[in-house]
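Source file: input.cif (mmCIF, C-alpha atoms)
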```cif
data_start
#
loop_
_atom_site.label_atom_id
_atom_site.label_comp_id
_atom_site.auth_asym_id
_atom_site.auth_seq_id
_atom_site.Cartn_x
_atom_site.Cartn_y
_atom_site.Cartn_z
CA MET R 1 22.62 -1.63 -26.77
CA SER R 2 23.60 -4.36 -24.28
CA GLU R 3 21.97 -7.74 -24.68
CA ARG R 4 18.86 -8.18 -22.57
CA ARG R 5 19.06 -10.88 -19.93
CA ASP R 6 16.36 -13.48 -19.64
CA PRO R 7 13.68 -12.16 -17.24
CA TYR R 8 13.65 -15.44 -15.30
CA GLN R 9 17.38 -15.00 -14.72
CA VAL R 10 16.91 -11.36 -13.69
CA LEU R 11 14.33 -12.24 -11.03
CA GLY R 12 16.11 -15.45 -10.03
CA VAL R 13 13.06 -17.69 -10.48
CA ALA R 14 12.48 -20.95 -12.31
CA ARG R 15 10.56 -21.06 -15.59
CA THR R 16 7.86 -22.98 -13.71
CA ALA R 17 7.53 -20.26 -11.05
CA THR R 18 4.00 -19.37 -9.97
CA PRO R 19 2.71 -15.77 -10.22
CA GLU R 20 3.01 -15.51 -6.44
CA GLU R 21 6.68 -16.61 -6.52
CA ILE R 22 7.40 -14.11 -9.30
CA GLN R 23 5.75 -11.30 -7.36
CA ARG R 24 7.65 -12.14 -4.16
CA ALA R 25 10.96 -12.22 -6.01
CA TYR R 26 10.18 -8.92 -7.71
CA ARG R 27 9.25 -7.14 -4.49
CA THR R 28 12.37 -8.37 -2.71
CA LEU R 29 14.70 -7.31 -5.51
CA ALA R 30 12.91 -4.01 -6.18
CA ARG R 31 13.22 -2.97 -2.54
CA ARG R 32 16.89 -3.95 -2.48
CA GLN R 33 17.79 -2.12 -5.70
CA HIS R 34 15.51 0.92 -5.45
CA PRO R 35 17.63 4.05 -6.12
CA ASP R 36 16.16 5.79 -3.09
CA ILE R 37 17.56 3.03 -0.87
CA ASN R 38 20.56 1.62 -2.75
CA LYS R 39 23.11 4.34 -3.55
CA ASP R 40 25.32 2.01 -5.62
CA PRO R 41 25.95 3.61 -9.06
CA GLY R 42 24.53 0.57 -10.85
CA ALA R 43 21.40 0.24 -8.70
CA GLU R 44 19.21 2.34 -10.99
CA ASP R 45 20.05 0.21 -14.05
CA ARG R 46 19.42 -2.97 -12.09
CA PHE R 47 16.13 -1.54 -10.81
CA LYS R 48 15.01 -0.81 -14.37
CA GLU R 49 16.03 -4.30 -15.46
CA ILE R 50 14.04 -5.83 -12.59
CA ASN R 51 10.97 -3.78 -13.52
CA GLU R 52 11.30 -4.78 -17.17
CA ALA R 53 11.59 -8.47 -16.25
CA TYR R 54 8.53 -8.23 -14.02
CA HIS R 55 6.66 -6.41 -16.80
CA VAL R 56 7.16 -9.48 -19.00
CA LEU R 57 6.54 -12.23 -16.44
CA SER R 58 3.66 -10.67 -14.48
CA ASP R 59 1.33 -10.64 -17.47
CA PRO R 60 0.17 -14.11 -18.63
CA GLU R 61 0.04 -13.15 -22.32
CA ARG R 62 3.45 -11.47 -22.34
CA ARG R 63 4.96 -14.37 -20.42
CA ALA R 64 3.47 -16.88 -22.87
CA ARG R 65 4.89 -14.97 -25.83
CA HIS R 66 8.30 -14.79 -24.18
CA ASP R 67 8.27 -18.54 -23.44
CA LYS R 68 7.21 -19.31 -27.01
CA ALA R 69 10.02 -17.19 -28.43
CA GLY R 70 12.48 -18.96 -26.14
CA ARG R 71 11.33 -22.38 -27.31
CA GLU R 72 11.61 -21.33 -30.94
CA ARG R 73 15.15 -20.06 -30.45
CA ALA R 74 16.12 -23.32 -28.77
CA ARG R 75 14.98 -25.49 -31.69
CA PRO R 76 17.53 -26.74 -34.25
CA ARG R 77 17.80 -24.77 -37.45
CA GLY R 78 15.47 -25.83 -40.23
CA VAL R 79 12.78 -27.06 -37.87
CA GLN R 80 10.82 -23.84 -37.58
CA THR R 81 11.64 -20.19 -38.12
CA VAL R 82 11.26 -17.61 -35.39
CA ASP R 83 8.49 -15.08 -35.94
CA ILE R 84 10.33 -11.76 -35.51
CA ASP R 85 7.16 -9.92 -34.51
CA ASP R 86 6.52 -12.49 -31.78
CA LEU R 87 10.08 -12.14 -30.58
CA PHE R 88 9.97 -8.35 -30.28
CA SER R 89 6.51 -8.57 -28.78
CA SER R 90 7.80 -10.75 -25.94
CA MET R 91 10.79 -8.47 -25.35
CA PHE R 92 8.97 -5.16 -25.36
CA GLY R 93 5.77 -6.04 -23.51
CA GLY R 94 3.25 -6.68 -26.26
CA ARG R 95 4.02 -4.11 -29.01
CA TYR R 96 7.17 -3.54 -30.97
CA GLY R 97 9.01 -0.58 -29.55
CA THR R 98 6.75 -0.09 -26.54
CA GLY R 99 8.54 1.46 -23.55
CA THR R 100 8.86 -0.43 -20.31
CA ASP R 101 6.56 0.15 -17.36
CA THR R 102 8.16 1.91 -14.41
CA GLU R 103 7.34 2.07 -10.72
CA ALA R 104 7.66 4.78 -8.09
CA HIS R 105 6.53 5.20 -4.48
CA ILE R 106 4.29 7.92 -3.07
CA THR R 107 3.16 8.60 0.49
CA VAL R 108 -0.50 9.37 1.18
CA GLY R 109 -2.00 10.64 4.43
CA VAL R 110 -4.82 8.71 6.09
CA GLU R 111 -7.32 11.54 5.56
CA ASP R 112 -6.38 11.73 1.85
CA ALA R 113 -6.74 7.96 1.57
CA PHE R 114 -10.22 8.24 3.09
CA ARG R 115 -11.47 11.07 0.88
CA GLY R 116 -9.41 10.59 -2.28
CA GLY R 117 -8.93 13.44 -4.74
CA ARG R 118 -6.37 14.91 -7.09
CA ARG R 119 -2.87 15.92 -6.09
CA THR R 120 0.36 16.85 -7.82
CA VAL R 121 3.51 14.87 -7.11
CA THR R 122 7.07 15.44 -8.31
CA LEU R 123 9.03 12.34 -9.27
CA PRO R 124 12.14 11.61 -11.35
CA ASP R 125 11.33 10.57 -14.91
CA ALA R 126 13.07 7.80 -16.87
CA ASP R 127 16.12 10.06 -17.31
CA GLY R 128 16.27 11.03 -13.64
CA ARG R 129 14.94 14.55 -14.16
CA PRO R 130 12.21 15.88 -11.83
CA ARG R 131 8.75 15.86 -13.37
CA ARG R 132 5.33 16.83 -12.06
CA TYR R 133 2.42 14.39 -12.35
CA ASP R 134 -1.28 15.02 -11.72
CA VAL R 135 -2.50 11.98 -9.81
CA ASN R 136 -6.06 10.96 -8.98
CA ILE R 137 -5.95 9.30 -5.54
CA PRO R 138 -8.96 6.95 -5.37
CA ALA R 139 -11.02 7.11 -2.19
CA GLY R 140 -10.18 4.10 -0.03
CA VAL R 141 -6.66 3.55 -1.37
CA VAL R 142 -4.74 1.14 0.89
CA ASP R 143 -1.11 0.52 1.72
CA GLY R 144 0.69 -1.22 -1.16
CA GLN R 145 -1.97 -0.43 -3.77
CA ARG R 146 -0.70 0.57 -7.22
CA ILE R 147 -2.09 3.57 -9.13
CA ARG R 148 -1.59 3.37 -12.89
CA LEU R 149 -0.66 6.42 -14.96
CA ALA R 150 -1.10 5.26 -18.54
CA GLY R 151 1.63 6.31 -20.96
CA GLN R 152 3.78 7.94 -18.26
CA GLY R 153 6.47 5.25 -18.10
CA ALA R 154 9.74 4.86 -20.01
CA PRO R 155 9.69 6.18 -23.61
CA GLY R 156 9.21 3.74 -26.47
CA VAL R 157 11.90 2.49 -28.84
CA ALA R 158 12.16 4.03 -32.33
CA GLY R 159 9.11 6.20 -31.83
CA GLY R 160 7.03 3.51 -30.15
CA PRO R 161 4.51 4.36 -27.44
CA PRO R 162 5.74 4.79 -23.84
CA GLY R 163 5.07 2.34 -21.07
CA ASP R 164 2.97 3.01 -17.97
CA LEU R 165 3.96 4.45 -14.61
CA TYR R 166 2.74 2.65 -11.50
CA LEU R 167 2.68 4.52 -8.20
CA VAL R 168 2.93 2.25 -5.16
CA VAL R 169 1.07 3.80 -2.22
CA SER R 170 2.44 3.94 1.32
CA LEU R 171 0.15 5.32 4.02
CA ALA R 172 1.91 7.89 6.17
CA PRO R 173 2.05 7.23 9.94
CA HIS R 174 -0.62 9.22 11.77
CA PRO R 175 -0.46 10.45 15.37
CA ARG R 176 -3.96 9.13 16.13
CA PHE R 177 -5.13 6.73 13.39
CA ARG R 178 -3.77 3.19 12.98
CA VAL R 179 -4.77 1.61 9.68
CA GLN R 180 -5.16 -2.17 9.50
CA GLY R 181 -6.19 -3.08 5.96
CA ARG R 182 -9.33 -0.99 5.52
CA ASP R 183 -10.08 -0.83 9.25
CA VAL R 184 -9.04 2.21 11.26
CA VAL R 185 -8.22 2.04 14.97
CA LEU R 186 -7.90 5.04 17.29
CA ASP R 187 -7.95 5.79 21.00
CA LEU R 188 -11.11 7.09 22.67
CA PRO R 189 -10.39 8.99 25.93
CA VAL R 190 -13.27 8.85 28.40
CA ALA R 191 -13.73 10.07 31.97
CA PRO R 192 -14.16 7.50 34.79
CA TRP R 193 -17.83 8.45 35.29
CA GLU R 194 -18.51 8.16 31.53
CA ALA R 195 -17.07 4.64 31.53
CA ALA R 196 -18.99 3.66 34.68
CA LEU R 197 -22.37 5.22 33.85
CA GLY R 198 -22.28 5.12 30.05
CA ALA R 199 -22.19 8.14 27.77
CA ARG R 200 -22.37 9.34 24.19
CA VAL R 201 -19.03 11.00 23.44
CA PRO R 202 -17.62 12.84 20.39
CA LEU R 203 -14.84 11.36 18.29
CA ASP R 204 -12.78 12.82 15.43
CA ALA R 205 -12.78 10.07 12.78
CA PRO R 206 -10.95 10.15 9.39
CA GLY R 207 -14.21 11.06 7.66
CA GLY R 208 -15.16 13.77 10.15
CA PRO R 209 -16.67 14.09 13.65
CA VAL R 210 -18.89 11.22 14.88
CA ARG R 211 -20.44 10.29 18.24
CA VAL R 212 -19.81 6.98 19.98
CA ASP R 213 -22.03 5.24 22.52
CA VAL R 214 -19.94 4.06 25.48
CA PRO R 215 -21.86 1.32 27.34
CA ALA R 216 -22.08 1.52 31.12
CA GLY R 217 -19.37 -0.50 32.83
CA THR R 218 -16.79 -0.08 30.04
CA SER R 219 -13.14 -0.71 30.96
CA SER R 220 -9.95 0.55 29.33
CA GLY R 221 -8.94 -1.43 26.24
CA ARG R 222 -12.47 -2.25 25.15
CA ARG R 223 -12.97 -1.79 21.41
CA LEU R 224 -16.14 -0.10 20.24
CA ARG R 225 -16.93 -0.89 16.61
CA LEU R 226 -18.48 1.56 14.16
CA ARG R 227 -19.43 -0.46 11.10
CA GLY R 228 -18.54 1.00 7.73
CA GLN R 229 -16.71 4.00 9.20
CA GLY R 230 -13.24 2.84 8.09
CA LEU R 231 -11.63 3.32 4.69
CA PRO R 232 -14.09 3.19 1.75
CA ASN R 233 -13.97 0.26 -0.66
CA PRO R 234 -14.92 0.99 -4.29
CA ARG R 235 -15.45 -2.74 -4.94
CA GLY R 236 -17.15 -3.90 -1.78
CA ARG R 237 -17.83 -3.35 1.89
CA PRO R 238 -15.92 -0.50 3.54
CA GLY R 239 -13.71 -1.04 6.54
CA ASP R 240 -14.78 -0.46 10.13
CA LEU R 241 -13.72 2.10 12.71
CA TYR R 242 -12.59 0.77 16.08
CA ALA R 243 -12.46 3.13 19.06
CA GLU R 244 -10.26 1.74 21.88
CA VAL R 245 -11.40 3.09 25.24
CA ARG R 246 -8.79 4.80 27.39
CA ILE R 247 -10.08 5.85 30.82
CA MET R 248 -8.44 9.13 31.81
CA VAL R 249 -8.28 10.65 35.29
CA PRO R 250 -7.68 14.33 36.10
CA ALA R 251 -4.06 15.26 36.74
CA THR R 252 -5.22 17.52 39.58
CA LEU R 253 -8.42 17.43 41.64
CA SER R 254 -10.47 20.19 43.16
CA THR R 255 -11.34 19.87 46.82
CA ARG R 256 -14.88 18.80 45.96
CA GLU R 257 -13.66 16.23 43.43
CA ARG R 258 -11.22 14.78 45.91
CA HIS R 259 -13.98 14.41 48.54
CA LEU R 260 -16.25 12.66 46.04
CA PHE R 261 -13.54 10.21 44.99
CA GLU R 262 -12.72 9.55 48.64
CA GLU R 263 -16.39 8.91 49.40
CA LEU R 264 -16.61 6.55 46.40
CA GLY R 265 -13.58 4.67 47.65
CA LYS R 266 -15.24 4.19 51.04
CA VAL R 267 -18.63 2.96 49.82
CA SER R 268 -17.60 0.90 46.79
CA ALA R 269 -16.93 -2.83 47.17
CA TYR R 270 -15.45 -3.08 43.69
CA ASP R 271 -11.96 -4.60 43.52
CA PRO R 272 -10.34 -4.15 40.07
CA ARG R 273 -7.69 -6.76 40.95
CA GLY R 274 -10.32 -9.40 41.70
CA ARG R 275 -8.99 -10.42 45.09
#
```
So that I can check it, write out the structure of this file as structure tokens.
Amino acid sequence: MSERRDPYQVLGVARTATPEEIQRAYRTLARRQHPDINKDPGAEDRFKEINEAYHVLSDPERRARHDKAGRERARPRGVQTVDIDDLFSSMFGGRYGTGTDTEAHITVGVEDAFRGGRRTVTLPDADGRPRRYDVNIPAGVVDGQRIRLAGQGAPGVAGGPPGDLYLVVSLAPHPRFRVQGRDVVLDLPVAPWEAALGARVPLDAPGGPVRVDVPAGTSSGRRLRLRGQGLPNPRGRPGDLYAEVRIMVPATLSTRERHLFEELGKVSAYDPRGR
């Protein structure tokens, strides 16, 4: 087995690095070396090394044990002996022989993120072979959130327990919904008379059909807010739904419609350009 590099060296951070600096370094390196992106033959090994280093440094207890073992190794002989259990604990994430945690990316649709539920995904395992996983998608999952599959990571050493698998969620682009955190934004087409007179119009939201009150005198671009109709939040207030008004005009007019619009143009003093 090749000698393990110091996790600080792997992530390129100082020993005094803050958790935020460690996380930023990890995300940058993980994206650069991810096997799905980097086709270099050594990228997969580097990606595993980066994950293993982050596994040690992202947890305060594991990091403390690693730092303690490093200080003990640096002391002159005869001063204090190194506790071998502590040393292996720092290297293998808390238990001798425990496998490293691994990370993979999955794409979730906006509707699935809203409702949650179980789904089966196929991902390469630690040896690169395809494997099926049953995943519980929590309702309200957001972009970048990690879903933990306990015991589904890399196998342990010498019969030790495996690590965990973390699935990093990416929300799939949607033709109508734009997700901003837990808020959802979508366009609301309305007719000119609905915008001028006010109306209650139907809207297909991620959670199902709803009706929106359009105030009289509404112009294109106005955002109508539906509180709590965005993505759910298991730990707090849900997001909001924002309907952006888009005033639509008929592509073709009947004779009667054309006469009415012409009459409106004659009697109305309204100037949309404010001259």
Show me a table, sorted first by chain and then by increasing residue number, of the residues of stretch 103-194 of chain R having an atom at most 8 Å from stretch 205-226 of chain R, each with its shortest atom pair and the distance in Å to one decimal, counting all atoms listed in the file and written as a tab-separated table.
```
residue	atom	partner	partner_atom	distance
R:Val110	CA	R:Pro206	CA	7.1
R:Glu111	CA	R:Pro206	CA	5.5
R:Phe114	CA	R:Pro206	CA	6.6
R:Arg115	CA	R:Gly207	CA	7.3
R:Phe177	CA	R:Pro206	CA	7.8
R:Glu194	CA	R:Val214	CA	7.4
```
Original post:
Counting only C-alpha atoms, what is within 7 Å of R:Gly117, bar same-chain residues fewer than 6 positions away, as a list in words?
Top reply: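 So the residues in contact are Asn136, Ile137 and Pro138 of chain R.
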Original post:
Which distance in Å separates atom CA of R:Pro250 and atom CA of R:Trp193, to one decimal?
Top reply: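 Rounded to one decimal, the two atoms are 11.8 Å apart.
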Subject >> Among the residues R:Gln9, R:Thr18, R:Thr102, R:Ser254, the one that comes closest to R:Ala154 [using all atoms listed in the file] >> reply: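 For R:Ala154, the nearest of the candidates is R:Thr102.
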Subject >> Spatial neighbours of R:Val10, max dist 10 Å, all atoms listed in the file, sep filter under 2 positions, as a list in words >> reply: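 Surrounding residues, per the criterion: Arg4, Arg5, Asp6, Pro7, Tyr8, Gly12, Val13, Ala25, Tyr26, Leu29, Arg46, Glu49, Ile50, Asn51, Glu52, Ala53 and Tyr54 of chain R.
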Subject >> Residue members of the PyMOL selection byres ((chain R and resi 132) around 6) in the file shown, as number ranges by chain >> reply: R: 121-122, 131, 133
Original post:
Near stretch 144-153 of chain R, counting only C-alpha atoms, which residues have an atom at most 10 Å away, once you skip same-chain residues fewer than 2 positions from it, shown as a VMD selection string?
Top reply: chain R and resid 98 to 106 125 to 126 133 to 138 141 to 142 155 to 156 161 to 171
**OP:** Take the PyMOL selection byres ((chain R and resi 44) around 12), apply it to the structure above, and return the hits as a VMD selection string.
**Re:** chain R and resid 29 to 43 45 to 51 102 to 103 124 126 to 128
Give me a file of those residues, with C-alpha atoms, as a PDB file, in the frame of the given file.
```pdb
ATOM      1  CA  LEU R  29      14.700  -7.310  -5.510  1.00  0.00           C
ATOM      2  CA  ALA R  30      12.910  -4.010  -6.180  1.00  0.00           C
ATOM      3  CA  ARG R  31      13.220  -2.970  -2.540  1.00  0.00           C
ATOM      4  CA  ARG R  32      16.890  -3.950  -2.480  1.00  0.00           C
ATOM      5  CA  GLN R  33      17.790  -2.120  -5.700  1.00  0.00           C
ATOM      6  CA  HIS R  34      15.510   0.920  -5.450  1.00  0.00           C
ATOM      7  CA  PRO R  35      17.630   4.050  -6.120  1.00  0.00           C
ATOM      8  CA  ASP R  36      16.160   5.790  -3.090  1.00  0.00           C
ATOM      9  CA  ILE R  37      17.560   3.030  -0.870  1.00  0.00           C
ATOM     10  CA  ASN R  38      20.560   1.620  -2.750  1.00  0.00           C
ATOM     11  CA  LYS R  39      23.110   4.340  -3.550  1.00  0.00           C
ATOM     12  CA  ASP R  40      25.320   2.010  -5.620  1.00  0.00           C
ATOM     13  CA  PRO R  41      25.950   3.610  -9.060  1.00  0.00           C
ATOM     14  CA  GLY R  42      24.530   0.570 -10.850  1.00  0.00           C
ATOM     15  CA  ALA R  43      21.400   0.240  -8.700  1.00  0.00           C
ATOM     16  CA  ASP R  45      20.050   0.210 -14.050  1.00  0.00           C
ATOM     17  CA  ARG R  46      19.420  -2.970 -12.090  1.00  0.00           C
ATOM     18  CA  PHE R  47      16.130  -1.540 -10.810  1.00  0.00           C
ATOM     19  CA  LYS R  48      15.010  -0.810 -14.370  1.00  0.00           C
ATOM     20  CA  GLU R  49      16.030  -4.300 -15.460  1.00  0.00           C
ATOM     21  CA  ILE R  50      14.040  -5.830 -12.590  1.00  0.00           C
ATOM     22  CA  ASN R  51      10.970  -3.780 -13.520  1.00  0.00           C
ATOM     23  CA  THR R 102       8.160   1.910 -14.410  1.00  0.00           C
ATOM     24  CA  GLU R 103       7.340   2.070 -10.720  1.00  0.00           C
ATOM     25  CA  PRO R 124      12.140  11.610 -11.350  1.00  0.00           C
ATOM     26  CA  ALA R 126      13.070   7.800 -16.870  1.00  0.00           C
ATOM     27  CA  ASP R 127      16.120  10.060 -17.310  1.00  0.00           C
ATOM     28  CA  GLY R 128      16.270  11.030 -13.640  1.00  0.00           C
TER      29      GLY R 128
END
```
Original post:
What separation in Å, quoted to one decimal, exists between atom CA of R:Leu188 and atom CA of R:Ala113?
Top reply: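 If I compute the distance from atom CA of R:Leu188 to atom CA of R:Ala113, I get 21.6 Å.
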Subject >> Atom pair atom CA of R:Gly140 / atom CA of R:Val56: separation (Å) >> reply: 29.1 Å
